[in-house]
$ cat data35.pdb   # PDB, C-alpha atoms
ATOM      1  CA  MET I   1     -39.264  18.562  28.625
ATOM      2  CA  ASP I   2     -36.540  15.943  28.180
ATOM      3  CA  LYS I   3     -36.701  13.541  31.118
ATOM      4  CA  THR I   4     -33.487  11.785  30.065
ATOM      5  CA  ARG I   5     -31.310  14.820  30.843
ATOM      6  CA  ILE I   6     -30.858  16.901  34.003
ATOM      7  CA  SER I   7     -28.801  20.077  34.438
ATOM      8  CA  TRP I   8     -27.063  20.832  37.731
ATOM      9  CA  LYS I   9     -25.359  24.024  38.893
ATOM     10  CA  LYS I  10     -23.053  22.254  41.363
ATOM     11  CA  TYR I  11     -21.142  19.054  40.901
ATOM     12  CA  PRO I  12     -22.384  16.345  43.298
ATOM     13  CA  TYR I  13     -20.408  15.724  46.454
ATOM     14  CA  THR I  14     -17.673  18.242  45.602
ATOM     15  CA  GLY I  15     -20.042  21.203  45.668
ATOM     16  CA  LYS I  16     -17.951  22.870  42.952
ATOM     17  CA  ALA I  17     -19.872  25.320  40.827
ATOM     18  CA  ALA I  18     -20.196  23.778  37.390
ATOM     19  CA  GLU I  19     -22.824  23.468  34.706
ATOM     20  CA  VAL I  20     -23.196  19.697  34.464
ATOM     21  CA  GLU I  21     -25.539  17.627  32.345
ATOM     22  CA  PHE I  22     -26.480  14.172  33.604
ATOM     23  CA  TYR I  23     -28.124  11.654  31.291
ATOM     24  CA  MET I  24     -30.095   8.464  31.903
ATOM     25  CA  LEU I  25     -27.927   5.407  31.402
ATOM     26  CA  ASP I  26     -29.814   3.685  28.595
ATOM     27  CA  GLU I  27     -29.013   2.920  24.959
ATOM     28  CA  ASP I  28     -31.289   5.508  23.361
ATOM     29  CA  THR I  29     -30.015   8.327  25.572
ATOM     30  CA  ILE I  30     -26.376   7.357  25.039
ATOM     31  CA  ASP I  31     -26.933   7.315  21.263
ATOM     32  CA  LYS I  32     -28.664  10.710  21.416
ATOM     33  CA  TYR I  33     -26.137  12.613  23.575
ATOM     34  CA  VAL I  34     -22.746  10.910  23.191
ATOM     35  CA  PRO I  35     -20.904  11.344  19.879
ATOM     36  CA  GLU I  36     -19.785   8.370  17.848
ATOM     37  CA  GLY I  37     -16.138   7.547  17.381
ATOM     38  CA  VAL I  38     -13.063   7.067  19.486
ATOM     39  CA  MET I  39     -11.848   9.963  21.613
ATOM     40  CA  PRO I  40     -10.173  10.303  24.974
ATOM     41  CA  GLY I  41     -12.692  11.174  27.645
ATOM     42  CA  ASN I  42     -14.065  10.552  31.121
ATOM     43  CA  TYR I  43     -17.393   9.529  32.565
ATOM     44  CA  ARG I  44     -19.034   9.127  35.918
ATOM     45  CA  ILE I  45     -22.072   6.961  36.679
ATOM     46  CA  GLY I  46     -24.340   7.548  39.632
ATOM     47  CA  ARG I  47     -27.752   7.330  41.219
ATOM     48  CA  LEU I  48     -30.236  10.139  41.633
ATOM     49  CA  LYS I  49     -32.362   9.762  44.740
ATOM     50  CA  ASP I  50     -34.339  12.395  46.649
ATOM     51  CA  GLY I  51     -32.599  15.210  44.809
ATOM     52  CA  GLU I  52     -29.125  13.886  45.635
ATOM     53  CA  PHE I  53     -26.722  12.499  43.054
ATOM     54  CA  THR I  54     -24.217   9.902  44.257
ATOM     55  CA  ILE I  55     -21.342   8.830  42.005
ATOM     56  CA  ILE I  56     -20.848   5.048  42.073
ATOM     57  CA  TYR I  57     -18.405   4.466  39.203
ATOM     58  CA  VAL I  58     -15.742   6.482  37.382
ATOM     59  CA  GLY I  59     -14.110   5.572  34.089
ATOM     60  CA  ARG I  60     -12.384   6.754  30.959
ATOM     61  CA  VAL I  61     -11.842   5.950  27.320
ATOM     62  CA  ASP I  62      -8.480   6.215  25.563
ATOM     63  CA  HIS I  63      -7.670   6.166  21.852
ATOM     64  CA  ARG I  64      -8.080   2.398  21.546
ATOM     65  CA  GLN I  65      -9.579   1.554  18.180
ATOM     66  CA  ASP I  66     -11.925  -1.077  19.603
ATOM     67  CA  GLU I  67     -13.697   1.149  22.088
ATOM     68  CA  GLY I  68     -15.564   4.414  21.881
ATOM     69  CA  LEU I  69     -17.259   6.234  24.739
ATOM     70  CA  ARG I  70     -20.694   5.098  23.539
ATOM     71  CA  ASP I  71     -19.616   1.460  23.598
ATOM     72  CA  ARG I  72     -18.000   1.756  27.011
ATOM     73  CA  LEU I  73     -21.065   3.388  28.563
ATOM     74  CA  LYS I  74     -23.373   0.758  27.085
ATOM     75  CA  GLU I  75     -21.297  -1.961  28.757
ATOM     76  CA  HIS I  76     -22.472  -0.568  32.105
ATOM     77  CA  ILE I  77     -26.215  -0.797  31.359
ATOM     78  CA  GLY I  78     -27.739  -3.284  33.811
ATOM     79  CA  GLU I  79     -24.524  -3.604  35.814
ATOM     80  CA  TRP I  80     -26.100  -2.057  38.937
ATOM     81  CA  SER I  81     -29.676  -1.784  40.152
ATOM     82  CA  GLY I  82     -31.792   1.349  40.198
ATOM     83  CA  ASP I  83     -32.078   4.340  37.914
ATOM     84  CA  LEU I  84     -28.586   5.224  36.803
ATOM     85  CA  TRP I  85     -27.330   8.451  35.279
ATOM     86  CA  PHE I  86     -24.020   9.486  33.763
ATOM     87  CA  ASP I  87     -22.057  12.534  32.750
ATOM     88  CA  TRP I  88     -19.145  12.636  30.359
ATOM     89  CA  ALA I  89     -16.510  14.991  29.007
ATOM     90  CA  ARG I  90     -13.910  14.930  26.280
ATOM     91  CA  ALA I  91     -10.302  15.036  27.427
ATOM     92  CA  LYS I  92      -7.511  16.990  25.744
ATOM     93  CA  ASP I  93      -5.494  13.783  25.363
ATOM     94  CA  VAL I  94      -4.938  10.335  26.869
ATOM     95  CA  LYS I  95      -2.783  11.735  29.694
ATOM     96  CA  ALA I  96      -5.490  14.228  30.708
ATOM     97  CA  ALA I  97      -8.128  11.463  30.635
ATOM     98  CA  TYR I  98      -5.987   9.227  32.868
ATOM     99  CA  GLU I  99      -5.272  12.023  35.336
ATOM    100  CA  GLN I 100      -8.971  12.962  35.549
ATOM    101  CA  GLU I 101      -9.992   9.352  36.150
ATOM    102  CA  CYS I 102      -7.385   9.081  38.923
ATOM    103  CA  THR I 103      -8.629  12.315  40.492
ATOM    104  CA  ASP I 104     -12.236  11.100  40.331
ATOM    105  CA  PHE I 105     -11.251   7.684  41.707
ATOM    106  CA  HIS I 106      -9.531   9.175  44.742
ATOM    107  CA  LEU I 107     -12.238  11.784  45.353
ATOM    108  CA  TRP I 108     -15.188   9.423  45.404
ATOM    109  CA  GLY I 109     -13.254   6.295  46.357
ATOM    110  CA  GLU I 110     -11.991   7.835  49.575
ATOM    111  CA  ALA I 111     -15.585   8.722  50.413
ATOM    112  CA  LYS I 112     -16.375   4.987  50.025
ATOM    113  CA  LEU I 113     -18.932   5.693  47.310
ATOM    114  CA  LEU I 114     -17.475   3.770  44.354
ATOM    115  CA  GLU I 115     -18.020   0.325  42.953
ATOM    116  CA  ASN I 116     -14.528   0.619  41.423
ATOM    117  CA  ASP I 117     -12.233  -1.487  43.565
ATOM    118  CA  LYS I 118      -8.951  -1.035  41.675
ATOM    119  CA  HIS I 119      -6.903   2.035  40.912
ATOM    120  CA  PRO I 120      -7.292   3.140  37.262
ATOM    121  CA  ARG I 121      -4.966   1.326  34.879
ATOM    122  CA  LYS I 122      -2.413   3.298  32.955
ATOM    123  CA  PRO I 123      -3.214   3.902  29.288
ATOM    124  CA  ASP I 124      -1.803   1.353  26.838
ATOM    125  CA  GLY I 125       1.828   2.183  26.060
ATOM    126  CA  LYS I 126       1.998   5.008  28.653
ATOM    127  CA  THR I 127       3.935   3.301  31.457
ATOM    128  CA  GLY I 128       5.679   6.575  32.391
ATOM    129  CA  LEU I 129       2.470   8.214  33.587
ATOM    130  CA  ASN I 130       1.808   8.424  37.303
ATOM    131  CA  CYS I 131      -1.335   9.173  39.261
ATOM    132  CA  PRO I 132      -1.383  12.878  40.194
ATOM    133  CA  ILE I 133      -2.841  11.981  43.618
ATOM    134  CA  CYS I 134      -0.940   8.937  44.931
ATOM    135  CA  GLY I 135       1.915   8.589  42.417
ATOM    136  CA  GLU I 136       0.938   5.017  41.472
TER
END
$ encode --input "data35.pdb" --output "structure tokens"
Amino acid sequence: MDKTRISWKKYPYTGKAAEVEFYMLDEDTIDKYVPEGVMPGNYRIGRLKDGEFTIIYVGRVDHRQDEGLRDRLKEHIGEWSGDLWFDWARAKDVKAAYEQECTDFHLWGEAKLLENDKHPRKPDGKTGLNCPICGE
């Protein structure tokens, strides 16, 4: 049994039915389950306690050449205390990644669960995009 990966049938807090894989936030697990390279995508980091998963941070990766999803996730190791877990997903494109991060930010931010204190930044060179929730 792999103790670095957990499958859930419902997404935490939203209760939406979804097959979700959460992974321990450590270097070996990131290297094992997150592909190399640069791709647009989203991730959520949270804590698992008493069978409950609480999202504490939401983020994304664009097509920037200096940053892949693996690298971005590794930056968060040790940032918060406790056993941390993450999930991730590829996005169709940079716009979809931005819109998903905004949606996640408003969903968990309004519930006062996030460490994120600023609205997601727009992707480099995409000043015409607006948040699908607040229009920012």
$ closest_residue --input "data35.pdb" --among "I:Glu21, I:Val38, I:Gly46, I:His119" --to "Gly82 (chain I)" --atoms "all atoms listed in the file"
I:Gly46
$ closest_residue --input "data35.pdb" --among "I:Gly41, I:Glu136, I:Ser81, I:Trp108" --to "Val94 (chain I)" --atoms "only C-alpha atoms"
I:Gly41
$ atom_distance --input "data35.pdb" --atom1 "CA of His76 (chain I)" --atom2 "CA of Gly125 (chain I)"
25.2 Å
$ resolve_selection --input "data35.pdb" --expression "the PyMOL selection byres ((chain I and resi 111-116) around 10)" --output "CSV table (one decimal) with C-alpha atoms, keeping the file's coordinate frame"
chain,number,residue,atom,x,y,z
I,13,TYR,CA,-20.4,15.7,46.5
I,45,ILE,CA,-22.1,7.0,36.7
I,46,GLY,CA,-24.3,7.5,39.6
I,54,THR,CA,-24.2,9.9,44.3
I,55,ILE,CA,-21.3,8.8,42.0
I,56,ILE,CA,-20.8,5.0,42.1
I,57,TYR,CA,-18.4,4.5,39.2
I,58,VAL,CA,-15.7,6.5,37.4
I,59,GLY,CA,-14.1,5.6,34.1
I,80,TRP,CA,-26.1,-2.1,38.9
I,104,ASP,CA,-12.2,11.1,40.3
I,105,PHE,CA,-11.3,7.7,41.7
I,106,HIS,CA,-9.5,9.2,44.7
I,107,LEU,CA,-12.2,11.8,45.4
I,108,TRP,CA,-15.2,9.4,45.4
I,109,GLY,CA,-13.3,6.3,46.4
I,110,GLU,CA,-12.0,7.8,49.6
I,117,ASP,CA,-12.2,-1.5,43.6
I,118,LYS,CA,-9.0,-1.0,41.7
I,119,HIS,CA,-6.9,2.0,40.9
I,120,PRO,CA,-7.3,3.1,37.3
$ closest_residue --input "data35.pdb" --among "I:Phe22, I:Cys102, I:Asp28, I:Ile133" --to "Phe86 (chain I)" --atoms "all atoms listed in the file"
I:Phe22
$ atom_distance --input "data35.pdb" --atom1 "CA of Asp62 (chain I)" --atom2 "CA of Lys95 (chain I)"
8.9 Å
$ closest_residue --input "data35.pdb" --among "I:Lys3, I:Arg90, I:Lys74, I:Arg47" --to "Val61 (chain I)" --atoms "only C-alpha atoms"
I:Arg90
$ atom_distance --input "data35.pdb" --atom1 "CA of Glu99 (chain I)" --atom2 "CA of Arg70 (chain I)"
20.6 Å
$ resolve_selection --input "data35.pdb" --expression "the PyMOL selection byres ((chain I and resi 43) around 6)" --output "JSON, numbers by chain"
{"I": [42, 44, 58, 59, 60, 87, 88]}
$ closest_residue --input "data35.pdb" --among "I:Met24, I:Leu84, I:Pro40, I:Arg72" --to "Ala96 (chain I)" --atoms "all atoms listed in the file"
I:Pro40
$ axis_aligned_box --input "data35.pdb" --around "region 49-58 of chain I" --padding-each-side "4 Å" --output "JSON"
{"center_x": -25.0, "center_y": 9.8, "center_z": 42.0, "size_x": 26.6, "size_y": 18.7, "size_z": 17.3}
$ decode --input "data35.pdb" --residues "region 12-60 of chain I" --atoms "C-alpha atoms" --output "short mmCIF file (atom, residue, chain, number, x, y, z; two decimals), in the first residue's frame"
data_model
loop_
_atom_site.label_atom_id
_atom_site.label_comp_id
_atom_site.auth_asym_id
_atom_site.auth_seq_id
_atom_site.Cartn_x
_atom_site.Cartn_y
_atom_site.Cartn_z
CA PRO I 12 -12.99 18.34 0.24
CA TYR I 13 -15.21 21.17 1.38
CA THR I 14 -17.17 21.35 -1.88
CA GLY I 15 -18.59 17.86 -1.51
CA LYS I 16 -18.55 17.49 -5.30
CA ALA I 17 -18.29 13.92 -6.50
CA ALA I 18 -14.85 13.52 -8.02
CA GLU I 19 -12.11 10.93 -8.07
CA VAL I 20 -9.23 12.87 -6.53
CA GLU I 21 -5.73 11.74 -5.70
CA PHE I 22 -3.90 13.56 -2.91
CA TYR I 23 -0.15 13.15 -2.47
CA MET I 24 2.22 13.85 0.42
CA LEU I 25 4.05 17.11 -0.09
CA ASP I 26 7.64 15.88 -0.14
CA GLU I 27 10.35 15.76 -2.80
CA ASP I 28 10.26 12.02 -3.47
CA THR I 29 6.48 11.95 -3.86
CA ILE I 30 6.47 15.01 -6.12
CA ASP I 31 9.15 13.41 -8.31
CA LYS I 32 7.19 10.14 -8.45
CA TYR I 33 3.73 11.52 -9.31
CA VAL I 34 4.19 14.89 -11.02
CA PRO I 35 5.56 14.90 -14.58
CA GLU I 36 8.65 16.87 -15.50
CA GLY I 37 8.49 19.86 -17.77
CA VAL I 38 6.55 23.07 -18.09
CA MET I 39 2.79 22.88 -18.53
CA PRO I 40 -0.15 24.97 -17.44
CA GLY I 41 -1.80 23.48 -14.40
CA ASN I 42 -3.28 23.97 -10.94
CA TYR I 43 -2.58 22.64 -7.49
CA ARG I 44 -4.06 22.78 -4.04
CA ILE I 45 -2.19 22.13 -0.78
CA GLY I 46 -3.91 21.07 2.41
CA ARG I 47 -3.83 19.24 5.70
CA LEU I 48 -5.35 15.86 6.44
CA LYS I 49 -6.54 15.55 10.02
CA ASP I 50 -9.06 13.13 11.52
CA GLY I 51 -10.29 12.09 8.09
CA GLU I 52 -10.91 15.69 6.99
CA PHE I 53 -8.93 17.44 4.28
CA THR I 54 -8.64 21.23 4.54
CA ILE I 55 -7.22 23.24 1.64
CA ILE I 56 -4.79 25.92 2.85
CA TYR I 57 -3.18 27.12 -0.39
CA VAL I 58 -4.13 27.24 -4.07
CA GLY I 59 -1.78 27.92 -6.97
CA ARG I 60 -1.02 27.45 -10.63
#
